[in-house]
file entry36.tsv (TSV, C-alpha atoms and all ligand atoms)
chain	number	residue	atom	x	y	z
A	1	MET	CA	93.09	100.67	142.77
A	2	LYS	CA	90.70	98.36	144.58
A	3	THR	CA	92.53	95.28	145.84
A	4	ASN	CA	89.39	93.15	145.67
A	5	ALA	CA	88.54	94.28	142.16
A	6	ILE	CA	87.47	91.74	139.59
A	7	ASN	CA	88.69	91.64	136.04
A	8	ARG	CA	85.84	91.36	133.53
A	9	GLN	CA	86.88	89.55	130.38
A	10	TRP	CA	85.54	88.49	127.00
A	11	LEU	CA	87.23	85.23	125.99
A	12	LEU	CA	87.46	83.68	122.55
A	13	ALA	CA	85.16	80.71	123.21
A	14	ARG	CA	85.68	79.06	119.82
A	15	ARG	CA	87.07	79.93	116.42
A	16	PRO	CA	84.38	81.58	114.28
A	17	SER	CA	83.27	79.62	111.24
A	18	GLY	CA	82.18	82.05	108.55
A	19	MET	CA	80.60	85.27	109.80
A	20	VAL	CA	81.73	85.97	113.36
A	21	ARG	CA	78.90	85.72	115.93
A	22	GLU	CA	78.38	86.95	119.48
A	23	THR	CA	78.26	83.30	120.61
A	24	ASP	CA	81.92	82.92	119.58
A	25	PHE	CA	82.78	84.84	122.77
A	26	GLN	CA	82.29	84.12	126.47
A	27	ARG	CA	82.01	86.63	129.30
A	28	VAL	CA	83.79	85.73	132.58
A	29	ASP	CA	84.89	87.44	135.80
A	30	VAL	CA	88.30	86.62	137.25
A	31	ALA	CA	90.42	88.04	140.06
A	32	LEU	CA	92.83	90.89	139.28
A	33	PRO	CA	95.81	89.59	137.25
A	34	VAL	CA	98.52	89.82	139.95
A	35	ALA	CA	99.06	91.02	143.49
A	36	ASN	CA	102.82	91.73	143.20
A	37	LEU	CA	104.17	92.73	139.81
A	38	PRO	CA	107.54	91.36	138.70
A	39	ALA	CA	110.23	93.94	137.85
A	40	GLY	CA	109.65	95.59	134.47
A	41	GLU	CA	105.91	94.96	134.36
A	42	ILE	CA	102.93	97.25	134.61
A	43	LEU	CA	99.27	96.75	135.44
A	44	VAL	CA	96.92	98.79	133.26
A	45	ARG	CA	93.22	99.53	133.47
A	46	ASN	CA	91.54	99.75	130.08
A	47	VAL	CA	89.23	102.69	129.49
A	48	MET	CA	88.63	102.51	125.74
A	49	LEU	CA	88.79	99.59	123.31
A	50	GLY	CA	89.58	99.97	119.62
A	51	PHE	CA	88.23	97.51	117.05
A	52	ASP	CA	90.04	96.44	113.88
A	53	PRO	CA	88.81	94.09	111.15
A	54	ALA	CA	92.17	92.30	111.40
A	55	GLN	CA	91.08	90.83	114.75
A	56	ARG	CA	88.78	88.54	112.76
A	57	GLY	CA	91.81	87.08	110.95
A	58	TRP	CA	93.69	86.58	114.23
A	59	MET	CA	90.79	84.37	115.40
A	60	ASP	CA	91.46	81.80	112.66
A	61	ASP	CA	93.94	78.99	113.18
A	62	ALA	CA	95.94	80.11	110.17
A	63	PRO	CA	99.44	81.46	109.59
A	64	GLY	CA	99.64	85.23	109.73
A	65	TYR	CA	101.81	88.14	110.74
A	66	MET	CA	100.73	87.47	114.34
A	67	PRO	CA	100.15	84.13	116.03
A	68	PRO	CA	96.51	83.00	116.06
A	69	MET	CA	94.56	84.00	119.17
A	70	GLU	CA	94.23	81.21	121.68
A	71	ILE	CA	90.86	79.82	122.67
A	72	GLY	CA	89.86	80.51	126.27
A	73	VAL	CA	91.89	83.69	126.71
A	74	PRO	CA	90.79	87.34	126.42
A	75	VAL	CA	90.36	88.42	122.81
A	76	ARG	CA	93.43	90.26	121.53
A	77	GLY	CA	92.63	93.85	120.70
A	78	SER	CA	93.90	97.38	121.11
A	79	ALA	CA	93.03	99.56	124.08
A	80	ALA	CA	93.88	102.84	125.72
A	81	ALA	CA	94.55	102.36	129.41
A	82	TRP	CA	95.78	104.03	132.57
A	83	VAL	CA	98.81	102.60	134.34
A	84	VAL	CA	97.51	101.65	137.82
A	85	ALA	CA	100.59	99.84	139.19
A	86	SER	CA	104.12	99.91	137.85
A	87	GLU	CA	107.45	98.21	138.33
A	88	ASN	CA	108.81	100.00	135.26
A	89	PRO	CA	110.00	103.64	135.43
A	90	ASP	CA	109.21	104.17	131.74
A	91	TYR	CA	105.49	103.76	132.52
A	92	PRO	CA	104.68	105.62	135.74
A	93	VAL	CA	101.39	105.20	137.56
A	94	GLY	CA	98.87	107.61	136.06
A	95	ALA	CA	100.34	107.52	132.53
A	96	LEU	CA	98.03	106.90	129.58
A	97	VAL	CA	99.26	104.06	127.37
A	98	ARG	CA	97.96	102.15	124.40
A	99	GLY	CA	98.65	98.58	123.41
A	100	LEU	CA	97.15	95.19	122.68
A	101	PHE	CA	95.66	94.85	126.16
A	102	GLY	CA	92.67	92.76	125.07
A	103	TRP	CA	88.96	92.63	125.83
A	104	GLN	CA	89.21	92.97	129.62
A	105	ASP	CA	89.34	95.57	132.38
A	106	TYR	CA	92.92	94.98	133.50
A	107	ALA	CA	96.04	93.63	131.80
A	108	VAL	CA	99.65	93.05	132.76
A	109	ALA	CA	102.02	94.42	130.12
A	110	ASN	CA	105.72	94.46	129.54
A	111	ARG	CA	108.16	96.16	127.21
A	112	ARG	CA	109.18	92.69	126.01
A	113	ASP	CA	105.67	91.94	124.69
A	114	ASP	CA	105.27	91.36	120.93
A	115	ALA	CA	103.52	94.72	120.77
A	116	PRO	CA	104.92	96.69	123.76
A	117	PRO	CA	102.76	99.37	125.36
A	118	MET	CA	103.26	102.87	123.98
A	119	ARG	CA	103.03	106.06	126.03
A	120	VAL	CA	100.32	108.33	124.66
A	121	PRO	CA	101.65	111.84	123.98
A	122	ALA	CA	100.61	114.38	126.61
A	123	GLY	CA	97.33	116.11	125.89
A	124	LEU	CA	95.73	113.31	123.88
A	125	SER	CA	92.54	111.69	125.15
A	126	PRO	CA	91.95	107.91	125.04
A	127	GLU	CA	89.74	108.30	121.95
A	128	GLN	CA	92.36	110.43	120.19
A	129	ALA	CA	95.03	107.87	121.05
A	130	LEU	CA	93.04	105.09	119.37
A	131	GLY	CA	91.18	107.19	116.79
A	132	LEU	CA	92.58	110.31	115.18
A	133	PHE	CA	96.18	109.50	116.16
A	134	GLY	CA	95.74	105.72	116.26
A	135	GLY	CA	96.83	102.89	114.01
A	136	ALA	CA	94.22	103.51	111.32
A	137	SER	CA	95.49	107.03	110.63
A	138	LEU	CA	99.11	105.85	110.61
A	139	THR	CA	98.15	103.04	108.25
A	140	ALA	CA	96.59	105.49	105.82
A	141	TYR	CA	99.54	107.89	105.98
A	142	ILE	CA	102.31	105.31	105.66
A	143	GLY	CA	100.40	103.15	103.18
A	144	LEU	CA	99.87	106.05	100.82
A	145	LEU	CA	103.16	107.90	101.16
A	146	GLU	CA	105.77	105.27	101.95
A	147	VAL	CA	104.29	102.15	100.35
A	148	GLY	CA	102.25	103.76	97.58
A	149	ARG	CA	104.74	106.56	96.77
A	150	LEU	CA	101.88	109.02	96.34
A	151	ARG	CA	102.70	111.87	93.95
A	152	GLU	CA	101.01	115.22	93.48
A	153	GLY	CA	98.48	114.97	90.68
A	154	ASP	CA	98.00	111.21	91.04
A	155	ARG	CA	94.53	109.88	90.35
A	156	VAL	CA	93.90	107.90	93.55
A	157	LEU	CA	91.21	105.33	94.29
A	158	VAL	CA	90.40	104.38	97.91
A	159	SER	CA	88.05	101.50	98.83
A	160	GLY	CA	86.47	101.19	102.26
A	161	ALA	CA	86.77	104.93	101.92
A	162	ALA	CA	84.34	106.04	104.64
A	163	GLY	CA	85.96	103.87	107.32
A	164	ALA	CA	88.73	104.61	109.80
A	165	VAL	CA	91.66	103.96	107.46
A	166	GLY	CA	89.85	104.92	104.26
A	167	SER	CA	88.54	108.32	105.39
A	168	MET	CA	92.05	109.33	106.42
A	169	ALA	CA	93.52	107.98	103.16
A	170	VAL	CA	91.05	110.07	101.14
A	171	GLN	CA	91.93	113.25	103.03
A	172	ILE	CA	95.70	112.70	103.08
A	173	ALA	CA	95.71	112.04	99.35
A	174	ARG	CA	93.74	115.27	98.77
A	175	LEU	CA	96.07	117.25	101.06
A	176	LYS	CA	99.01	115.97	99.01
A	177	GLY	CA	97.45	117.21	95.78
A	178	ALA	CA	95.87	114.04	94.38
A	179	HIS	CA	92.50	113.61	92.67
A	180	VAL	CA	90.56	111.12	94.76
A	181	ILE	CA	87.69	108.73	94.13
A	182	GLY	CA	86.30	106.90	97.15
A	183	ILE	CA	84.22	103.71	97.24
A	184	ALA	CA	81.84	103.08	100.14
A	185	GLY	CA	78.54	101.39	100.93
A	186	GLY	CA	75.38	103.49	100.86
A	187	PRO	CA	74.38	107.09	100.11
A	188	GLU	CA	75.16	108.46	103.59
A	189	LYS	CA	78.80	107.34	103.51
A	190	CYS	CA	79.19	108.47	99.90
A	191	ARG	CA	77.90	111.90	100.86
A	192	TRP	CA	80.53	112.15	103.61
A	193	LEU	CA	83.21	111.30	101.08
A	194	THR	CA	82.55	114.27	98.85
A	195	ALA	CA	80.98	116.75	101.31
A	196	GLU	CA	83.22	116.19	104.35
A	197	TYR	CA	86.37	114.36	103.34
A	198	GLY	CA	86.91	116.24	100.09
A	199	ALA	CA	86.85	113.34	97.61
A	200	ASP	CA	86.33	114.43	94.01
A	201	ALA	CA	83.82	111.62	93.48
A	202	ALA	CA	82.25	108.73	95.37
A	203	ILE	CA	81.00	105.34	94.19
A	204	ASP	CA	78.35	103.41	96.13
A	205	TYR	CA	79.38	99.81	95.60
A	206	LYS	CA	76.05	98.60	96.95
A	207	SER	CA	74.01	100.25	94.20
A	208	GLU	CA	76.44	100.96	91.36
A	209	ASN	CA	78.65	98.95	89.02
A	210	VAL	CA	82.08	99.94	90.33
A	211	ALA	CA	84.09	99.06	87.21
A	212	ASP	CA	81.71	100.94	84.90
A	213	ARG	CA	81.58	104.02	87.14
A	214	LEU	CA	85.37	104.06	87.44
A	215	ALA	CA	85.75	103.91	83.68
A	216	ALA	CA	83.35	106.85	83.33
A	217	LEU	CA	84.87	108.94	86.14
A	218	CYS	CA	88.49	108.29	85.30
A	219	PRO	CA	88.96	107.31	81.64
A	220	GLN	CA	92.74	107.87	81.90
A	221	GLY	CA	92.92	105.17	84.60
A	222	ILE	CA	93.90	105.06	88.28
A	223	ASP	CA	97.53	105.81	89.21
A	224	LEU	CA	97.29	104.59	92.81
A	225	PHE	CA	94.67	102.27	94.29
A	226	PHE	CA	94.62	101.99	98.12
A	227	ASP	CA	92.54	98.87	98.67
A	228	ASN	CA	90.93	97.93	101.99
A	229	VAL	CA	88.32	95.55	100.61
A	230	GLY	CA	89.66	93.00	98.11
A	231	GLY	CA	87.37	90.68	96.11
A	232	ALA	CA	85.19	92.18	93.40
A	233	ILE	CA	86.25	95.74	94.28
A	234	LEU	CA	89.93	94.90	93.86
A	235	GLU	CA	89.08	93.37	90.50
A	236	ALA	CA	87.26	96.54	89.43
A	237	GLY	CA	90.30	98.62	90.40
A	238	ILE	CA	92.70	96.36	88.52
A	239	ALA	CA	90.48	96.69	85.44
A	240	ASN	CA	90.85	100.48	85.58
A	241	LEU	CA	94.57	100.93	86.25
A	242	ALA	CA	96.61	103.51	84.40
A	243	LEU	CA	99.91	102.62	82.77
A	244	PHE	CA	102.49	102.01	85.53
A	245	GLY	CA	99.68	102.03	88.10
A	246	ARG	CA	100.35	101.05	91.73
A	247	ILE	CA	98.08	99.09	94.04
A	248	VAL	CA	98.61	99.15	97.80
A	249	LEU	CA	96.95	96.16	99.46
A	250	CYS	CA	96.03	97.39	102.93
A	251	GLY	CA	93.32	94.83	103.70
A	252	ALA	CA	90.60	92.67	102.18
A	253	ILE	CA	87.64	92.89	104.53
A	254	SER	CA	85.21	91.44	101.99
A	255	GLY	CA	86.82	88.04	102.55
A	256	TYR	CA	87.61	88.01	106.28
A	257	ASN	CA	84.53	85.92	107.13
A	258	ASP	CA	84.78	83.55	104.17
A	259	VAL	CA	84.95	79.89	105.14
A	260	THR	CA	87.13	79.18	102.11
A	261	PRO	CA	88.94	81.97	100.28
A	262	SER	CA	87.48	82.93	96.92
A	263	PRO	CA	89.75	82.57	93.90
A	264	GLY	CA	90.71	85.73	92.10
A	265	PRO	CA	91.22	88.45	91.11
A	266	ARG	CA	90.59	87.07	87.63
A	267	ASN	CA	92.21	89.93	85.73
A	268	LEU	CA	95.79	89.94	87.07
A	269	MET	CA	96.97	89.94	83.46
A	270	ASN	CA	96.03	93.63	83.46
A	271	LEU	CA	99.00	94.23	85.78
A	272	VAL	CA	101.21	92.88	83.01
A	273	ARG	CA	99.57	94.97	80.30
A	274	GLN	CA	99.77	98.12	82.42
A	275	ARG	CA	103.29	97.39	83.82
A	276	ALA	CA	101.66	97.82	87.24
A	277	VAL	CA	102.77	96.84	90.73
A	278	MET	CA	100.68	95.51	93.61
A	279	ARG	CA	102.18	95.48	97.10
A	280	GLY	CA	100.87	94.49	100.50
A	281	PHE	CA	102.07	96.00	103.75
A	282	ILE	CA	101.59	95.74	107.51
A	283	LEU	CA	101.79	98.87	109.63
A	284	LEU	CA	103.86	97.10	112.30
A	285	ASP	CA	106.83	96.97	109.89
A	286	HIS	CA	106.83	100.76	109.51
A	287	LEU	CA	106.51	102.03	113.07
A	288	ASP	CA	109.82	103.90	112.77
A	289	GLN	CA	107.86	106.35	110.59
A	290	ALA	CA	105.12	106.86	113.14
A	291	PRO	CA	106.63	110.01	114.77
A	292	ALA	CA	106.92	111.82	111.41
A	293	ALA	CA	103.41	110.73	110.47
A	294	MET	CA	102.03	111.88	113.83
A	295	ALA	CA	103.77	115.22	113.44
A	296	GLU	CA	102.27	115.97	110.03
A	297	LEU	CA	98.85	114.67	111.06
A	298	GLY	CA	99.04	116.88	114.16
A	299	GLN	CA	99.86	119.89	112.02
A	300	TRP	CA	96.89	119.26	109.70
A	301	VAL	CA	94.61	118.74	112.69
A	302	GLY	CA	95.86	122.00	114.24
A	303	GLU	CA	95.12	123.82	111.00
A	304	GLY	CA	91.62	122.33	110.87
A	305	ARG	CA	92.34	120.53	107.61
A	306	ILE	CA	91.44	117.00	108.73
A	307	ARG	CA	88.00	115.72	109.67
A	308	HIS	CA	87.74	112.69	111.87
A	309	ARG	CA	84.82	110.62	113.03
A	310	ASP	CA	84.83	108.19	115.98
A	311	ASP	CA	81.96	105.78	116.56
A	312	ILE	CA	81.97	105.35	120.34
A	313	GLN	CA	79.78	102.60	121.79
A	314	VAL	CA	79.51	102.29	125.57
A	315	GLY	CA	79.56	99.40	128.06
A	316	PHE	CA	81.71	96.33	128.54
A	317	GLU	CA	78.72	94.02	128.00
A	318	ASN	CA	78.46	95.37	124.43
A	319	VAL	CA	81.98	94.44	123.30
A	320	PRO	CA	81.17	91.52	120.91
A	321	GLN	CA	78.25	93.28	119.24
A	322	THR	CA	80.42	96.35	118.77
A	323	PHE	CA	83.05	94.24	116.99
A	324	LEU	CA	80.37	92.81	114.68
A	325	ARG	CA	79.42	96.34	113.55
A	326	LEU	CA	82.58	96.41	111.41
A	327	PHE	CA	81.39	93.52	109.26
A	328	ARG	CA	77.88	94.90	108.82
A	329	GLY	CA	79.09	98.32	107.73
A	330	GLU	CA	77.37	99.80	110.81
A	331	ASN	CA	80.39	101.67	112.20
A	332	ARG	CA	80.32	105.36	111.48
A	333	GLY	CA	84.05	106.12	111.62
A	334	LYS	CA	86.68	104.51	113.84
A	335	GLN	CA	84.95	101.88	115.96
A	336	LEU	CA	85.66	102.40	119.66
A	337	LEU	CA	83.99	101.38	122.92
A	338	ARG	CA	84.14	103.24	126.22
A	339	ILE	CA	84.24	100.48	128.80
A	340	ASP	CA	82.24	102.31	131.46
A	341	GLU	CA	79.89	105.25	131.10
A	342	SER	CA	81.51	106.96	134.11
A	343	GLN	CA	85.07	106.99	132.69
B	401	LIG	P1	86.52	100.40	108.82
B	401	LIG	O1	86.36	101.54	109.75
B	401	LIG	O2	86.69	100.69	107.35
B	401	LIG	O3	85.27	99.44	109.04
B	401	LIG	C1	85.00	98.36	108.23
B	401	LIG	C2	84.18	98.78	106.98
B	401	LIG	O4	84.42	97.83	105.96
B	401	LIG	C3	82.69	98.75	107.20
B	401	LIG	O5	82.18	99.91	107.80
B	401	LIG	C4	82.16	98.55	105.80
B	401	LIG	O6	82.03	99.81	105.15
B	401	LIG	C5	83.30	97.80	105.11
B	401	LIG	N1	82.91	96.39	104.87
B	401	LIG	C6	82.54	95.49	105.79
B	401	LIG	N2	82.25	94.31	105.19
B	401	LIG	C7	82.46	94.51	103.87
B	401	LIG	C8	82.31	93.68	102.71
B	401	LIG	N3	81.93	92.39	102.82
B	401	LIG	N4	82.58	94.21	101.48
B	401	LIG	C9	82.97	95.50	101.37
B	401	LIG	N5	83.11	96.33	102.42
B	401	LIG	C10	82.87	95.83	103.65
B	401	LIG	O7	87.74	99.49	109.26
B	401	LIG	P2	89.27	99.95	109.33
B	401	LIG	O8	89.41	101.27	108.69
B	401	LIG	O9	89.76	99.74	110.69
B	401	LIG	O10	89.99	98.86	108.39
B	401	LIG	C11	89.93	98.99	106.97
B	401	LIG	C12	90.87	97.98	106.33
B	401	LIG	O11	92.21	98.27	106.67
B	401	LIG	C13	90.64	96.54	106.78
B	401	LIG	O12	90.76	95.68	105.66
B	401	LIG	C14	91.75	96.31	107.76
B	401	LIG	O13	92.08	94.94	107.91
B	401	LIG	C15	92.86	97.10	107.11
B	401	LIG	N6	93.97	97.48	107.99
B	401	LIG	C16	95.23	97.14	107.58
B	401	LIG	C17	96.31	97.49	108.31
B	401	LIG	C18	97.67	97.12	107.81
B	401	LIG	O14	98.65	97.28	108.55
B	401	LIG	N7	97.79	96.65	106.58
B	401	LIG	C19	96.18	98.20	109.61
B	401	LIG	C20	94.81	98.56	109.94
B	401	LIG	C21	93.75	98.18	109.15
B	401	LIG	P3	80.91	100.03	103.99
B	401	LIG	O15	79.66	100.42	104.71
B	401	LIG	O16	81.49	101.07	103.13
B	401	LIG	O17	80.74	98.68	103.32
call {"tool": "encode", "arguments": {"input": "entry36.tsv", "output": "structure tokens", "more": "lines below"}}
Ligand code: NDP
result
Amino acid sequence: MKTNAINRQWLLARRPSGMVRETDFQRVDVALPVANLPAGEILVRNVMLGFDPAQRGWMDDAPGYMPPMEIGVPVRGSAAAWVVASENPDYPVGALVRGLFGWQDYAVANRRDDAPPMRVPAGLSPEQALGLFGGASLTAYIGLLEVGRLREGDRVLVSGAAGAVGSMAVQIARLKGAHVIGIAGGPEKCRWLTAEYGADAAIDYKSENVADRLAALCPQGIDLFFDNVGGAILEAGIANLALFGRIVLCGAISGYNDVTPSPGPRNLMNLVRQRAVMRGFILLDHLDQAPAAMAELGQWVGEGRIRHRDDIQVGFENVPQTFLRLFRGENRGKQLLRIDESQ
């Protein structure tokens, strides 16, 4: 480690109002975080950043499952990093870890942090740690199986289906014997859904009427709806629920940049008619299930039964524009960024 190294950072310059913009962030250089680490702490060097739509919610000054990000500090976000100095025997120098290390080169981390660093299992690369075996895959697995109580033969609907969480949800549901319909934006993503991820049918919400197509594709109704999008797409799913249908609310990206939340869905009475349940969940509450999920995912990967796509951008200067890709539908798979070309 260079002792005179600088720490490049992207700070939250102001809270976004409406659609997040590159000008909401500020690029600064500061000195390395610390010269002498206190006992228990580690210094990590980020190599790969992972982007999650939820970061947009953390930028608002609003109550949530995590405190709002502070203005003037590095943007909170996940990263895979090498331990470069350590005063903690659980994280030796040279170990690969992942955690919420933020939009910067270096971070000081501690087991007592809200989201403590996790050792990456031996043999996994930084992109695998954040992508194939990262939070999005765990979210899909746990959301479907634990929260959604997926059953063989279920008719499953997944929205945001070509994205990081959605593409895994489609495949896991198929591997567990469900019939799957995926919703995504545009013909290219819809083609992936059926040709690569094994969905039985795909709906392009940008060019088709989702409620009408659902009614035609699945006249018996949807048993389990895994929703990443919210808004009009959630409403279309509610309109097409089977008796005793279940909805898992994973996210609602269609509203993350709204200045004021839209009212709705307007058809909640259909939950009453169909004796249906709708339940939200946050992955962080279910991390005790991560080892079992990783084990089964690893088995499927080893058997070649899971396809995974990472969208890897390159260069620290490109961090904000890479984040914006999520809200323009530009990411082609799990959105990652390799901090330096040489790493
Ligand atoms: P994705 O890889 O799916 O990327 C975001 C995608 O969302 C875009 O590519 C785009 O796909 C779609 N999208 C963007 N804007 C809109 C819009 N206005 N209306 C409809 N679709 C839109 O992201 P992730 O897989 O990382 O996240 C998916 C969801 O899962 C998010 O809601 C996220 O917050 C949630 N999540 C929840 C977790 C939990 O613990 N509950 C944990 C992790 C993620 P397209 O081109 O198809 O429109």
call {"tool": "closest_residue", "arguments": {"input": "entry36.tsv", "among": "A:Tyr65, A:Phe323, A:Phe281, A:Trp300", "to": "A:Gln171", "atoms": "all atoms listed in the file"}}
result
A:Trp300
call {"tool": "atom_distance", "arguments": {"input": "entry36.tsv", "atom1": "atom CA of A:Glu41", "atom2": "atom CA of A:Arg27"}}
result
25.8 Å
call {"tool": "residues_around", "arguments": {"input": "entry36.tsv", "residues": "A:Ile222", "least_positions_apart": "5", "cutoff": "7 Å", "atoms": "only C-alpha atoms", "output": "JSON, numbers by chain"}}
result
{"A": [155, 156, 157, 240, 241, 242, 245]}
call {"tool": "closest_atom_pairs", "arguments": {"input": "entry36.tsv", "of": "chain A", "to": "ligand LIG 401 (chain B)", "cutoff": "6 Å", "atoms": "only C-alpha atoms and all ligand atoms", "output": "tab-separated table"}}
result
residue	atom	partner	partner_atom	distance
A:Asp52	CA	B:LIG401	O9	4.6
A:Pro53	CA	B:LIG401	O13	4.7
A:Ala54	CA	B:LIG401	O13	4.4
A:Ala136	CA	B:LIG401	C20	5.2
A:Thr139	CA	B:LIG401	C19	5.4
A:Gly160	CA	B:LIG401	O16	5.1
A:Ala162	CA	B:LIG401	O16	5.9
A:Gly163	CA	B:LIG401	O2	3.3
A:Ala164	CA	B:LIG401	O8	3.6
A:Val165	CA	B:LIG401	O8	3.7
A:Gly166	CA	B:LIG401	O8	5.8
A:Ala184	CA	B:LIG401	O16	3.6
A:Gly185	CA	B:LIG401	O16	3.7
A:Asn228	CA	B:LIG401	O12	4.3
A:Val229	CA	B:LIG401	C9	5.4
A:Cys250	CA	B:LIG401	N7	4.1
A:Gly251	CA	B:LIG401	O12	3.3
A:Ala252	CA	B:LIG401	O12	4.6
A:Ile253	CA	B:LIG401	O12	4.3
A:Ser254	CA	B:LIG401	N3	3.5
A:Phe281	CA	B:LIG401	N7	5.2
A:Ile282	CA	B:LIG401	O14	3.5
A:Leu283	CA	B:LIG401	O14	3.7
A:Leu326	CA	B:LIG401	C1	4.4
A:Phe327	CA	B:LIG401	C6	4.2
A:Arg328	CA	B:LIG401	C6	5.6
A:Gly329	CA	B:LIG401	O5	3.5
A:Glu330	CA	B:LIG401	O5	5.7
A:Asn331	CA	B:LIG401	O5	5.1
A:Gly333	CA	B:LIG401	O1	5.5
A:Lys334	CA	B:LIG401	O1	5.1
call {"tool": "closest_residue", "arguments": {"input": "entry36.tsv", "among": "A:Trp103, A:Phe225, A:Tyr141, A:Phe244", "to": "A:Ala293", "atoms": "only C-alpha atoms"}}
result
A:Tyr141
call {"tool": "closest_residue", "arguments": {"input": "entry36.tsv", "among": "A:Asn209, A:Ser159, A:Gln289, A:Gln274", "to": "A:Gly230", "atoms": "only C-alpha atoms"}}
result
A:Ser159
call {"tool": "atom_distance", "arguments": {"input": "entry36.tsv", "atom1": "atom CA of A:Leu100", "atom2": "atom CA of A:Pro116"}}
result
8.0 Å
call {"tool": "closest_residue", "arguments": {"input": "entry36.tsv", "among": "A:Asp285, A:Glu235, A:Asp212, A:Glu146", "to": "A:Leu271", "atoms": "all atoms listed in the file"}}
result
A:Glu235
call {"tool": "closest_residue", "arguments": {"input": "entry36.tsv", "among": "A:Ala13, A:Val259, A:Leu337, A:Val301", "to": "A:Ala79", "atoms": "all atoms listed in the file"}}
result
A:Leu337
call {"tool": "closest_residue", "arguments": {"input": "entry36.tsv", "among": "A:Arg45, A:Arg307, A:Arg15, A:Arg111", "to": "A:Gly57", "atoms": "only C-alpha atoms"}}
result
A:Arg15
call {"tool": "residues_around", "arguments": {"input": "entry36.tsv", "residues": "A:Gly123", "least_positions_apart": "5", "cutoff": "10 Å", "atoms": "all atoms listed in the file", "output": "PyMOL selection string"}}
result
chain A and resi 96+128-129
call {"tool": "atom_distance", "arguments": {"input": "entry36.tsv", "atom1": "atom CA of A:Asn267", "atom2": "atom CA of A:Ala239"}}
result
7.0 Å
